[in-house]
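S.K.: This one is run20.txt, compact mmCIF, C-alpha atoms.
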```
# COMPACT_ATOMS: atom_id res chain seq x y z
CA MET A 9 17.41 -49.09 -45.83
CA ASN A 10 14.34 -50.33 -47.66
CA ILE A 11 15.00 -53.91 -48.85
CA PRO A 12 13.28 -54.52 -52.22
CA TYR A 13 10.23 -56.75 -51.91
CA GLU A 14 11.58 -59.36 -54.32
CA GLU A 15 14.55 -59.95 -52.00
CA ARG A 16 12.53 -60.39 -48.82
CA ARG A 17 9.75 -62.45 -50.47
CA ARG A 18 9.34 -66.06 -49.29
CA SER A 19 5.73 -66.64 -50.38
CA PHE A 20 2.77 -64.53 -51.48
CA LEU A 21 2.06 -63.90 -47.79
CA SER A 22 5.29 -61.88 -47.51
CA CYS A 23 3.28 -58.84 -48.68
CA LEU A 24 1.59 -58.85 -45.26
CA TYR A 25 4.92 -58.17 -43.49
CA SER A 26 5.42 -59.12 -39.84
CA THR A 27 2.90 -58.37 -37.08
CA GLN A 28 5.40 -56.04 -35.43
CA GLU A 29 5.80 -54.04 -38.64
CA ILE A 30 2.12 -53.65 -39.48
CA LEU A 31 0.55 -53.32 -36.03
CA PRO A 32 0.88 -49.51 -35.55
CA GLY A 33 -0.55 -48.71 -39.00
CA LEU A 34 -3.25 -51.35 -38.69
CA LEU A 35 -4.31 -49.95 -35.32
CA ALA A 36 -4.36 -46.41 -36.77
CA MET A 37 -6.71 -47.57 -39.55
CA PHE A 38 -8.76 -49.60 -37.08
CA PHE A 39 -9.37 -46.73 -34.67
CA ILE A 40 -10.12 -44.23 -37.43
CA ALA A 41 -12.68 -46.70 -38.85
CA LEU A 42 -14.10 -47.37 -35.40
CA PHE A 43 -14.65 -43.67 -34.62
CA SER A 44 -15.99 -42.89 -38.11
CA ASN A 45 -18.74 -45.42 -38.75
CA ASN A 46 -21.20 -47.62 -36.88
CA LEU A 47 -19.61 -50.90 -37.94
CA ALA A 48 -21.01 -54.39 -37.37
CA GLY A 49 -19.81 -55.76 -34.03
CA SER A 50 -18.62 -52.40 -32.73
CA PRO A 51 -20.65 -50.97 -29.82
CA ASN A 52 -18.89 -47.57 -30.00
CA PRO A 53 -21.53 -44.79 -30.06
CA LEU A 54 -18.96 -41.96 -30.42
CA THR A 55 -18.72 -42.03 -34.21
CA LEU A 56 -18.68 -39.36 -36.88
CA GLU A 57 -21.72 -41.10 -38.39
CA ASN A 58 -23.69 -40.58 -35.17
CA LEU A 59 -22.47 -36.99 -34.86
CA PHE A 60 -23.76 -36.25 -38.39
CA SER A 61 -27.06 -38.00 -37.58
CA TRP A 62 -27.42 -35.85 -34.47
CA LEU A 63 -26.70 -32.70 -36.50
CA ASP A 64 -29.26 -33.89 -39.09
CA ALA A 65 -31.85 -34.10 -36.34
CA VAL A 66 -30.97 -30.59 -35.10
CA ILE A 67 -30.99 -29.04 -38.59
CA GLY A 68 -34.11 -30.90 -39.76
CA PRO A 69 -34.74 -32.53 -43.14
CA VAL A 70 -34.10 -30.85 -46.47
CA ASN A 71 -36.61 -32.09 -49.06
CA HIS A 72 -37.32 -35.05 -46.76
CA GLN A 73 -33.60 -35.96 -46.74
CA PRO A 74 -31.01 -35.72 -43.95
CA LEU A 75 -28.63 -32.90 -44.91
CA PHE A 76 -25.52 -35.03 -44.37
CA GLN A 77 -26.91 -37.65 -46.76
CA ILE A 78 -27.16 -34.94 -49.40
CA LEU A 79 -23.57 -34.01 -48.49
CA ASN A 80 -22.69 -37.69 -48.93
CA SER A 81 -21.74 -38.78 -45.43
CA ASN A 82 -21.17 -42.54 -45.54
CA PHE A 83 -18.81 -45.38 -44.71
CA VAL A 84 -16.16 -44.26 -47.24
CA TRP A 85 -16.38 -40.51 -46.82
CA ASN A 86 -16.34 -40.41 -42.98
CA PRO A 87 -13.08 -42.32 -42.34
CA PHE A 88 -11.47 -40.63 -45.34
CA LEU A 89 -12.31 -37.23 -43.85
CA MET A 90 -10.96 -38.22 -40.44
CA GLY A 91 -7.76 -39.65 -41.97
CA LEU A 92 -7.31 -36.50 -44.05
CA VAL A 93 -7.63 -34.23 -41.00
CA ILE A 94 -5.29 -36.36 -38.85
CA GLY A 95 -2.70 -36.68 -41.63
CA ASN A 96 -2.70 -32.96 -42.43
CA VAL A 97 -2.75 -31.71 -38.83
CA PHE A 98 -0.43 -34.21 -37.12
CA GLY A 99 1.37 -35.89 -40.01
CA VAL A 100 1.80 -39.65 -40.44
CA PRO A 101 4.44 -41.38 -38.24
CA ASP A 102 6.88 -43.62 -40.12
CA SER A 103 5.96 -46.55 -37.88
CA TRP A 104 2.43 -46.57 -39.36
CA LYS A 105 3.47 -46.87 -42.98
CA ARG A 106 4.00 -50.63 -43.35
CA GLY A 107 0.58 -51.24 -41.81
CA LEU A 108 -1.09 -48.62 -43.98
CA SER A 109 0.19 -50.47 -47.07
CA LEU A 110 -2.56 -53.01 -46.32
CA ILE A 111 -4.81 -50.63 -48.27
CA HIS A 112 -3.61 -52.52 -51.36
CA VAL A 113 -4.96 -55.80 -49.93
CA LEU A 114 -8.18 -54.17 -48.74
CA MET A 115 -9.04 -52.64 -52.14
CA PRO A 116 -9.32 -55.88 -54.19
CA LEU A 117 -10.88 -57.58 -51.17
CA GLY A 118 -13.60 -54.93 -50.89
CA ILE A 119 -14.24 -54.72 -54.63
CA ILE A 120 -14.81 -58.48 -54.96
CA MET A 121 -17.06 -58.55 -51.90
CA LEU A 122 -19.18 -55.81 -53.49
CA ALA A 123 -20.29 -58.25 -56.22
CA PRO A 124 -23.34 -59.58 -54.29
CA HIS A 125 -24.51 -55.97 -53.90
CA PHE A 126 -25.31 -55.67 -57.62
CA ILE A 127 -28.23 -57.99 -58.40
CA PHE A 128 -29.79 -57.52 -61.82
CA SER A 129 -33.17 -58.96 -60.83
CA HIS A 130 -33.59 -56.03 -58.41
CA ALA A 131 -33.91 -53.83 -61.50
CA GLU A 132 -36.33 -56.03 -63.45
CA LYS A 133 -39.44 -54.49 -61.89
CA ALA A 134 -38.72 -51.25 -63.77
CA GLY A 135 -39.08 -53.02 -67.11
CA MET A 136 -36.65 -53.75 -69.93
CA PRO A 137 -37.18 -50.48 -71.90
CA LEU A 138 -36.03 -48.40 -68.91
CA ILE A 139 -33.13 -50.76 -68.15
CA LEU A 140 -31.86 -50.50 -71.74
CA PHE A 141 -32.38 -46.73 -71.70
CA ALA A 142 -30.44 -46.41 -68.44
CA PHE A 143 -27.63 -48.54 -69.85
CA ALA A 144 -27.47 -46.39 -73.01
CA VAL A 145 -27.35 -43.18 -70.93
CA MET A 146 -24.57 -44.65 -68.79
CA VAL A 147 -22.40 -45.59 -71.77
CA PHE A 148 -23.16 -42.25 -73.48
CA THR A 149 -22.08 -40.31 -70.36
CA ALA A 150 -18.88 -42.33 -70.05
CA VAL A 151 -17.96 -41.77 -73.70
CA VAL A 152 -18.76 -38.02 -73.61
CA THR A 153 -16.69 -37.60 -70.42
CA LEU A 154 -13.74 -39.52 -71.83
CA VAL A 155 -13.79 -37.51 -75.07
CA LEU A 156 -14.20 -34.16 -73.29
CA GLY A 157 -11.50 -35.03 -70.75
CA ARG A 158 -9.06 -35.79 -73.54
CA ALA A 159 -10.04 -32.57 -75.33
CA LEU A 160 -9.34 -30.61 -72.13
CA GLY A 161 -5.83 -32.07 -72.02
CA MET A 162 -6.31 -33.71 -68.63
CA ASP A 163 -4.38 -36.66 -67.23
CA ASP A 164 -6.19 -39.78 -68.51
CA ARG A 165 -6.27 -41.35 -65.02
CA HIS A 166 -8.11 -38.29 -63.72
CA TYR A 167 -10.72 -37.97 -66.48
CA SER A 168 -11.39 -41.72 -66.69
CA THR A 169 -12.01 -41.78 -62.92
CA ILE A 170 -14.51 -38.94 -63.36
CA ALA A 171 -16.07 -40.79 -66.33
CA GLY A 172 -16.62 -43.94 -64.27
CA ALA A 173 -18.12 -42.14 -61.28
CA LEU A 174 -20.29 -39.73 -63.28
CA SER A 175 -21.66 -42.38 -65.65
CA THR A 176 -22.62 -44.76 -62.83
CA GLY A 177 -23.87 -41.85 -60.74
CA ASP A 178 -22.00 -43.09 -57.69
CA PRO A 179 -19.06 -41.01 -56.43
CA HIS A 180 -17.67 -44.04 -54.57
CA VAL A 181 -16.88 -45.69 -57.85
CA VAL A 182 -13.74 -43.53 -57.74
CA ALA A 183 -12.46 -45.83 -54.96
CA ILE A 184 -13.28 -48.94 -57.01
CA LEU A 185 -11.55 -47.49 -60.07
CA MET A 186 -8.41 -46.43 -58.15
CA PRO A 187 -6.63 -49.83 -58.32
CA MET A 188 -8.18 -50.61 -61.71
CA LEU A 189 -7.03 -47.45 -63.51
CA LYS A 190 -3.99 -46.91 -61.28
CA SER A 191 -5.16 -43.38 -60.48
CA LYS A 192 -3.29 -41.29 -57.93
CA GLY A 193 -4.90 -40.57 -54.56
CA GLY A 194 -5.16 -36.83 -55.33
CA GLN A 195 -6.90 -37.53 -58.66
CA VAL A 196 -9.35 -39.91 -56.99
CA ILE A 197 -10.36 -37.44 -54.28
CA ASN A 198 -10.46 -34.54 -56.71
CA ALA A 199 -12.82 -36.63 -58.90
CA LEU A 200 -14.95 -37.49 -55.87
CA GLY A 201 -15.21 -33.81 -54.92
CA CYS A 202 -16.16 -32.83 -58.50
CA ILE A 203 -18.97 -35.43 -58.65
CA LEU A 204 -20.28 -34.40 -55.23
CA LEU A 205 -20.25 -30.71 -56.12
CA PHE A 206 -22.06 -31.33 -59.40
CA GLY A 207 -24.65 -33.53 -57.67
CA LEU A 208 -25.20 -30.94 -54.94
CA VAL A 209 -25.80 -28.07 -57.39
CA ALA A 210 -27.87 -30.22 -59.77
CA SER A 211 -30.05 -31.61 -56.98
CA PHE A 212 -31.29 -28.12 -56.06
CA LEU A 213 -31.64 -26.80 -59.63
CA LEU A 214 -33.12 -29.85 -61.38
CA PRO A 215 -36.63 -29.41 -59.87
CA LEU A 216 -36.76 -25.93 -61.46
CA LEU A 217 -35.99 -27.48 -64.86
CA GLY A 218 -38.58 -30.20 -64.29
CA HIS A 219 -41.32 -27.66 -63.52
CA ALA A 220 -40.25 -25.45 -66.44
CA LEU A 221 -40.58 -28.43 -68.80
CA ASP A 222 -43.87 -29.45 -67.15
CA MET A 223 -42.62 -33.01 -66.55
CA ASP A 224 -44.76 -35.58 -64.78
CA ASP A 225 -43.66 -37.24 -61.52
CA LYS A 226 -42.42 -40.49 -63.04
CA ALA A 227 -40.45 -38.80 -65.82
CA PHE A 228 -38.83 -36.42 -63.34
CA ALA A 229 -37.90 -39.33 -61.07
CA VAL A 230 -36.10 -40.96 -64.02
CA LEU A 231 -34.39 -37.65 -64.79
CA SER A 232 -33.15 -37.26 -61.21
CA VAL A 233 -32.01 -40.90 -60.80
CA PHE A 234 -30.08 -41.07 -64.07
CA GLY A 235 -29.22 -37.36 -64.35
CA ILE A 236 -27.63 -37.12 -60.88
CA GLY A 237 -27.31 -40.64 -59.51
CA ASN A 238 -25.77 -40.15 -56.08
CA THR A 239 -28.58 -41.49 -53.87
CA GLY A 240 -29.03 -38.69 -51.28
CA GLN A 241 -28.72 -36.01 -53.95
CA THR A 242 -31.10 -37.85 -56.30
CA PHE A 243 -33.76 -38.03 -53.61
CA ASN A 244 -33.16 -34.38 -52.72
CA ALA A 245 -33.96 -33.43 -56.33
CA ALA A 246 -36.91 -35.80 -56.70
CA PHE A 247 -38.58 -34.89 -53.39
CA GLY A 248 -37.82 -31.23 -54.18
CA PHE A 249 -39.99 -31.68 -57.30
CA SER A 250 -42.85 -33.55 -55.62
CA TYR A 251 -43.53 -36.19 -53.00
CA GLU A 252 -44.67 -38.68 -55.68
CA ALA A 253 -41.51 -38.13 -57.73
CA GLY A 254 -39.48 -38.86 -54.60
CA HIS A 255 -41.17 -42.22 -54.17
CA TRP A 256 -40.68 -43.07 -57.85
CA ALA A 257 -37.01 -42.17 -57.49
CA HIS A 258 -36.73 -44.83 -54.76
CA TYR A 259 -38.35 -47.28 -57.18
CA PHE A 260 -36.00 -46.49 -60.09
CA ASP A 261 -32.78 -46.19 -58.06
CA SER A 262 -32.44 -49.99 -58.01
CA VAL A 263 -31.93 -49.94 -61.81
CA ARG A 264 -28.96 -47.58 -61.49
CA ASN A 265 -27.54 -49.66 -58.66
CA ALA A 266 -27.85 -52.95 -60.57
CA LEU A 267 -26.18 -51.54 -63.68
CA MET A 268 -23.29 -49.92 -61.82
CA PRO A 269 -20.64 -52.62 -62.44
CA ALA A 270 -21.31 -52.46 -66.18
CA GLY A 271 -20.46 -48.74 -66.03
CA PHE A 272 -17.14 -48.93 -64.23
CA LEU A 273 -16.08 -52.08 -66.10
CA PHE A 274 -16.87 -50.30 -69.40
CA VAL A 275 -14.57 -47.40 -68.47
CA PHE A 276 -11.86 -49.79 -67.26
CA PHE A 277 -11.90 -51.91 -70.44
CA VAL A 278 -11.90 -48.83 -72.71
CA MET A 279 -8.81 -47.50 -70.92
CA PHE A 280 -7.20 -50.95 -70.72
CA LEU A 281 -7.58 -51.53 -74.47
CA ARG A 282 -6.38 -48.00 -75.18
CA ALA A 283 -3.21 -48.62 -73.16
CA ARG A 284 -2.63 -51.84 -75.14
CA MET A 285 -3.25 -50.06 -78.47
CA PHE A 286 -0.84 -47.20 -77.72
CA PRO A 287 1.96 -48.79 -75.71
CA ASP A 288 4.50 -46.09 -76.67
CA ASP A 289 2.31 -43.05 -76.08
CA ALA A 290 3.60 -41.30 -72.93
CA ALA A 291 0.23 -39.55 -72.46
CA VAL A 292 -1.53 -42.90 -71.98
CA THR A 293 -1.05 -43.67 -68.30
CA ALA A 294 -4.37 -45.15 -67.08
CA THR A 295 -4.06 -48.94 -66.59
CA ARG A 296 -0.54 -48.76 -68.13
CA ALA A 297 0.98 -50.44 -65.07
CA HIS A 298 -1.14 -53.58 -65.61
CA LYS A 299 0.88 -55.99 -67.74
CA LYS A 300 -2.25 -58.13 -68.15
CA LEU A 301 -5.84 -58.14 -66.97
CA PRO A 302 -5.67 -58.00 -63.13
CA LEU A 303 -6.86 -61.23 -61.51
CA PHE A 304 -9.07 -59.46 -58.96
CA ILE A 305 -11.14 -57.95 -61.80
CA VAL A 306 -11.60 -61.41 -63.34
CA VAL A 307 -12.68 -62.79 -59.94
CA PHE A 308 -15.05 -59.83 -59.44
CA ILE A 309 -16.70 -60.49 -62.83
CA ILE A 310 -17.07 -64.23 -62.07
CA ALA A 311 -18.52 -63.48 -58.61
CA TRP A 312 -20.87 -60.89 -60.14
CA ILE A 313 -22.17 -63.44 -62.66
CA VAL A 314 -22.53 -66.20 -60.03
CA VAL A 315 -24.54 -64.03 -57.60
CA GLN A 316 -27.08 -63.24 -60.34
CA PHE A 317 -28.30 -66.84 -59.87
CA HIS A 318 -29.18 -66.02 -56.24
CA VAL A 319 -26.50 -68.29 -54.85
CA MET A 320 -26.03 -65.84 -52.00
CA LYS A 321 -29.33 -64.97 -50.39
CA GLU A 322 -30.12 -62.63 -47.54
CA PRO A 323 -28.90 -62.38 -44.80
CA ALA A 324 -25.58 -63.72 -46.14
CA ARG A 325 -25.61 -60.90 -48.70
CA ILE A 326 -26.14 -58.34 -45.92
CA ALA A 327 -23.40 -59.94 -43.79
CA VAL A 328 -20.94 -59.64 -46.68
CA PHE A 329 -21.93 -56.00 -47.20
CA GLU A 330 -21.17 -55.34 -43.51
CA LEU A 331 -17.70 -56.74 -44.19
CA VAL A 332 -17.43 -54.39 -47.18
CA LYS A 333 -18.18 -51.48 -44.83
CA TRP A 334 -15.38 -52.60 -42.50
CA ASP A 335 -13.04 -53.08 -45.45
CA PHE A 336 -13.63 -49.72 -47.12
CA SER A 337 -13.63 -47.91 -43.76
CA LEU A 338 -10.11 -49.19 -43.10
CA ALA A 339 -8.95 -48.50 -46.67
CA ALA A 340 -10.45 -44.98 -46.74
CA ALA A 341 -8.66 -44.16 -43.48
CA ALA A 342 -5.31 -45.12 -45.08
CA LEU A 343 -6.18 -43.12 -48.21
CA GLY A 344 -7.09 -40.04 -46.16
CA LEU A 345 -3.82 -40.25 -44.21
CA SER A 346 -1.83 -40.44 -47.47
CA LEU A 347 -2.98 -37.15 -48.92
CA PRO A 348 -1.64 -33.66 -48.24
CA LEU A 349 -4.36 -31.16 -49.19
CA SER A 350 -2.08 -29.70 -51.88
CA GLU A 351 -2.20 -32.99 -53.77
CA ILE A 352 -5.99 -32.82 -54.09
CA THR A 353 -5.99 -29.21 -55.28
CA ARG A 354 -3.05 -29.83 -57.64
CA CYS A 355 -5.43 -31.42 -60.16
CA GLY A 356 -6.93 -27.96 -60.64
CA LEU A 357 -10.33 -26.85 -61.82
CA ARG A 358 -10.44 -28.83 -65.05
CA GLY A 359 -12.05 -31.75 -63.23
CA VAL A 360 -14.90 -29.46 -62.14
CA ILE A 361 -15.30 -28.10 -65.69
CA LEU A 362 -15.35 -31.61 -67.14
CA THR A 363 -17.87 -32.92 -64.60
CA PHE A 364 -20.26 -30.00 -65.04
CA ALA A 365 -19.98 -30.07 -68.87
CA SER A 366 -20.61 -33.84 -69.12
CA GLY A 367 -23.26 -33.75 -66.42
CA LEU A 368 -25.16 -30.97 -68.18
CA VAL A 369 -24.97 -32.76 -71.55
CA ARG A 370 -26.36 -35.87 -69.87
CA ILE A 371 -29.25 -33.97 -68.26
CA ALA A 372 -30.07 -32.24 -71.57
CA VAL A 373 -30.11 -35.54 -73.50
CA LEU A 374 -32.09 -37.30 -70.78
CA ALA A 375 -34.70 -34.53 -70.59
CA ALA A 376 -35.04 -34.49 -74.40
CA CYS A 377 -35.50 -38.30 -74.51
CA LEU A 378 -38.08 -38.24 -71.68
CA LEU A 379 -40.07 -35.43 -73.30
CA ALA A 380 -39.94 -37.25 -76.67
CA ALA A 381 -41.11 -40.49 -75.02
CA ALA A 382 -44.03 -38.61 -73.43
CA HIS A 383 -44.88 -36.88 -76.72
CA PHE A 384 -44.90 -40.11 -78.76
CA ASN A 385 -46.49 -42.16 -75.95
CA PHE A 386 -43.48 -44.52 -75.87
CA PRO A 387 -43.85 -46.80 -72.82
CA LEU A 388 -40.40 -46.00 -71.39
CA VAL A 389 -41.58 -45.98 -67.79
CA MET B 28 11.08 -35.51 -53.54
CA ARG B 29 10.21 -37.56 -50.44
CA HIS B 30 6.46 -37.67 -49.85
CA SER B 31 6.26 -37.20 -46.07
CA HIS B 32 2.74 -38.59 -45.70
CA THR B 33 3.47 -41.91 -47.38
CA THR B 34 7.25 -42.48 -47.40
CA ASP B 35 9.27 -43.51 -44.34
CA ASP B 36 12.94 -42.80 -43.65
CA THR B 37 14.00 -46.06 -45.37
CA GLY B 38 12.30 -44.98 -48.61
CA PHE B 39 9.31 -47.30 -48.27
CA ASN B 40 6.24 -45.63 -49.84
CA TYR B 41 3.02 -47.24 -48.69
CA MET B 42 1.00 -45.97 -51.65
CA ASP B 43 3.37 -47.60 -54.16
CA ASN B 44 1.93 -50.82 -55.48
CA SER B 45 3.58 -52.58 -58.38
CA GLY B 46 5.28 -55.71 -59.64
CA GLU B 47 5.32 -58.95 -57.69
CA GLU B 48 4.24 -57.24 -54.48
CA GLU B 49 1.08 -55.95 -56.17
CA ARG B 50 0.23 -59.42 -57.50
CA ASP B 51 0.74 -60.93 -54.03
CA ARG B 52 -1.43 -58.27 -52.40
CA ASP B 53 -4.15 -58.87 -54.99
CA LEU B 54 -3.91 -62.61 -54.33
CA VAL B 55 -4.30 -62.18 -50.57
CA GLY B 56 -7.32 -59.94 -51.18
CA ILE B 57 -8.85 -62.47 -53.58
CA VAL B 58 -8.33 -65.42 -51.21
CA LEU B 59 -9.90 -63.50 -48.29
CA ALA B 60 -12.84 -62.25 -50.39
CA VAL B 61 -13.67 -65.71 -51.73
CA LEU B 62 -13.26 -67.19 -48.26
CA PHE B 63 -15.59 -64.64 -46.61
CA MET B 64 -18.25 -65.03 -49.30
CA LEU B 65 -18.07 -68.84 -49.20
CA LEU B 66 -18.27 -68.88 -45.41
CA ALA B 67 -21.27 -66.50 -45.37
CA THR B 68 -23.06 -68.67 -47.94
CA LEU B 69 -22.23 -71.94 -46.18
CA PHE B 70 -23.24 -70.56 -42.77
CA GLN B 71 -26.57 -69.50 -44.19
CA ARG B 72 -27.20 -72.83 -45.93
CA ALA B 73 -26.34 -74.60 -42.66
CA GLY B 74 -28.84 -72.40 -40.81
CA LEU B 75 -26.19 -70.64 -38.76
CA LEU B 76 -26.86 -67.14 -40.09
```
What does the file become when written as structure tokens?
M.R.:
Amino acid sequence: MNIPYEERRRSFLSCLYSTQEILPGLLAMFFIALFSNNLAGSPNPLTLENLFSWLDAVIGPVNHQPLFQILNSNFVWNPFLMGLVIGNVFGVPDSWKRGLSLIHVLMPLGIIMLAPHFIFSHAEKAGMPLILFAFAVMVFTAVVTLVLGRALGMDDRHYSTIAGALSTGDPHVVAILMPMLKSKGGQVINALGCILLFGLVASFLLPLLGHALDMDDKAFAVLSVFGIGNTGQTFNAAFGFSYEAGHWAHYFDSVRNALMPAGFLFVFFVMFLRARMFPDDAAVTATRAHKKLPLFIVVFIIAWIVVQFHVMKEPARIAVFELVKWDFSLAAAALGLSLPLSEITRCGLRGVILTFASGLVRIAVLAACLLAAAHFNFPLV
Amino acid sequence: MRHSHTTDDTGFNYMDNSGEEERDRDLVGIVLAVLFMLLATLFQRAGLL
């Protein structure tokens, strides 16, 4: 029988359970992480990351990009994929489950350690007009996605997860938003798939639009960075337009990266305030489970502010990011194991419709603003 | 319905995260994150990194 946590609790460390209870699950996560990514300190060459790199070398570059970068292979996606396959083919033994619950420790741990990754001064070189423009586009995309998602009658945890990932342009924001919005695993992965699919289609079609509108290299680079976002897909679009645009995309991508926390925190606070404003509305589920502002979000915000003053310099910043890779590799393995495929598809096609509708609105508005800036000689870039 | 991927035979669901257990898990995560970041910064300042 499962003894309620409150009865077995002695201190806050009781959530870690005993070594005997967590060891099988912890080892499962550990080995999935170890065979998925090239992690700091691990000499294992037999990883999914290396397999994809080898396939990239066989296939050859697409618009100067490795194909599996365009398909989003990385330290979250690889262990998730491996966990998903293992869980769906072999099932998940009961003995693993206590250990796999460590995902709920790893999530806040990883999110806080991401704070040094977002340094505002990295974006300053692009100039304040572009930074403010990028911020406005991010907030606009989030609002449009939230409004459209509500209009489509979707679950608010699902559409707010899409809003956060689409507005920041980073599909991995879905993992950051999972404990914040209290989204279900199926909704998170469905959202991730929607963003990836949109980015993939947009990255091949956007150069055609750029040429049709006779855009210059810099303007197109801005359009690809803020119209798609996901790094490999952005560069696929920009290099697909021209070599110069590809290099400018590298230059502008730091702006999107620096502003990312503002995007997912905006979505979180909108949903958090909404849940407080409508406490009796059964349709309001995102963040509902939080009785008050979660402490790990407060700590993340404080850490994010502190690192802006360059308290943590390189290589300490890089060392912490290597820990983030370990952390999210373990957590993604547990998430992959938790999901039957039916749970991902249960969310249906509305997520795809929402992502493509919001994404297209964003591209249209961005292109119009960039053309207007060029026409009126506004020094946006 | 029992979710076979996440729930064991005692009814423990590893994807459930709520109440006091959630706050404790958050706290452990926060303590470890702050510790790792402080150690990395201190090691660098001490010339060890």
S.K.: What separation in Å, quoted to one decimal, exists between atom CA of Gly91 of chain A and atom CA of Asp51 of chain B?
M.R.: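 These atoms are spaced 25.9 Å apart.
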S.K.: Using all atoms listed in the file, which of A:Phe43, A:Phe143, A:Tyr251, A:Trp104 sits nearest chain B?
M.R.: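 Of A:Phe43, A:Phe143, A:Tyr251, A:Trp104, the one nearest chain B is A:Trp104, counting all atoms listed in the file.
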S.K.: For chain A, work out the contacting residues on chain B at 6 Å, counting only C-alpha atoms, and write them as a PyMOL selection string.
M.R.: chain B and resi 32-33+35+37-39+41+51-53+56-57+60+67-68
S.K.: Which residue, A:Ala134, A:Met279, A:Leu267, A:Ile310, has the smallest gap to Val61 of chain B when you use only C-alpha atoms?
M.R.: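 Ranking A:Ala134, A:Met279, A:Leu267, A:Ile310 by distance to Val61 of chain B, first place goes to A:Ile310.
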S.K.: For a test of reading the model, state the distance in Å between atom CA of Ala229 of chain A and atom CA of Gln77 of chain A, rounded to one decimal.
M.R.: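 Answer for the atom CA of Ala229 of chain A to atom CA of Gln77 of chain A separation: 18.1 Å.
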S.K.: Near segment 284-296 of chain A, counting only C-alpha atoms, which residues have an atom at most 8 Å away, once you skip same-chain residues fewer than 4 positions from it, shown as a list in words?
M.R.: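 Listed by chain and then number, they are Asp163, Asp164, Arg165, Ser168, Met188, Leu189, Lys190, Ser191, Phe276, Met279 and Phe280 of chain A.
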S.K.: Measure the distance from atom CA of Trp85 of chain A to atom CA of Gly49 of chain A in Å and round it to one decimal.
M.R.: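 Separation between atom CA of Trp85 of chain A and atom CA of Gly49 of chain A: 20.2 Å.
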S.K.: Using all atoms listed in the file, which residue out of A:Trp334, A:Phe364, A:Phe206, A:Phe98 lies closest to Val152 of chain A?
M.R.: A:Phe364
S.K.: In the coordinate frame of the file, compute which residues have an atom within 8 Å of (-5.6, -33.7, -54.0) when using all atoms listed in the file, and state them as an mmCIF file with C-alpha atoms, in the frame of the given file.
M.R.:
```
data_model
loop_
_atom_site.group_PDB
_atom_site.id
_atom_site.type_symbol
_atom_site.label_atom_id
_atom_site.label_comp_id
_atom_site.auth_asym_id
_atom_site.auth_seq_id
_atom_site.Cartn_x
_atom_site.Cartn_y
_atom_site.Cartn_z
ATOM 1 C CA GLY A 193 -4.900 -40.570 -54.560
ATOM 2 C CA GLY A 194 -5.160 -36.830 -55.330
ATOM 3 C CA GLN A 195 -6.900 -37.530 -58.660
ATOM 4 C CA VAL A 196 -9.350 -39.910 -56.990
ATOM 5 C CA ILE A 197 -10.360 -37.440 -54.280
ATOM 6 C CA ASN A 198 -10.460 -34.540 -56.710
ATOM 7 C CA LEU A 347 -2.980 -37.150 -48.920
ATOM 8 C CA PRO A 348 -1.640 -33.660 -48.240
ATOM 9 C CA LEU A 349 -4.360 -31.160 -49.190
ATOM 10 C CA SER A 350 -2.080 -29.700 -51.880
ATOM 11 C CA GLU A 351 -2.200 -32.990 -53.770
ATOM 12 C CA ILE A 352 -5.990 -32.820 -54.090
ATOM 13 C CA THR A 353 -5.990 -29.210 -55.280
ATOM 14 C CA ARG A 354 -3.050 -29.830 -57.640
ATOM 15 C CA CYS A 355 -5.430 -31.420 -60.160
#
```
S.K.: Compile the contact shell of Ala210 of chain A as a PyMOL selection string: residues with an atom at most 12 Å away, counting only C-alpha atoms, same-chain residues fewer than 4 positions apart removed.
M.R.: chain A and resi 78+203-206+214-218+231-238+241-246+248+363-364+367-368+370-371
S.K.: Which residue is closest to Ala171 of chain A? Choose from A:Phe272, A:Phe247, A:Phe228, A:Phe83 and count only C-alpha atoms.
M.R.: A:Phe272
S.K.: Pull the neighbourhood of (-40.6, -50.7, -63.3) for me: all residues within 10 Å in file coordinates, counting all atoms listed in the file, as a ChimeraX atom specification.
M.R.: /A:131-139,256,259-260,262-263,388-389
S.K.: Nearest to Leu213 of chain A among A:Ile30, A:Ala376, A:Thr176, A:Phe249, with distances taken over all atoms listed in the file: which residue is it?
M.R.: A:Phe249
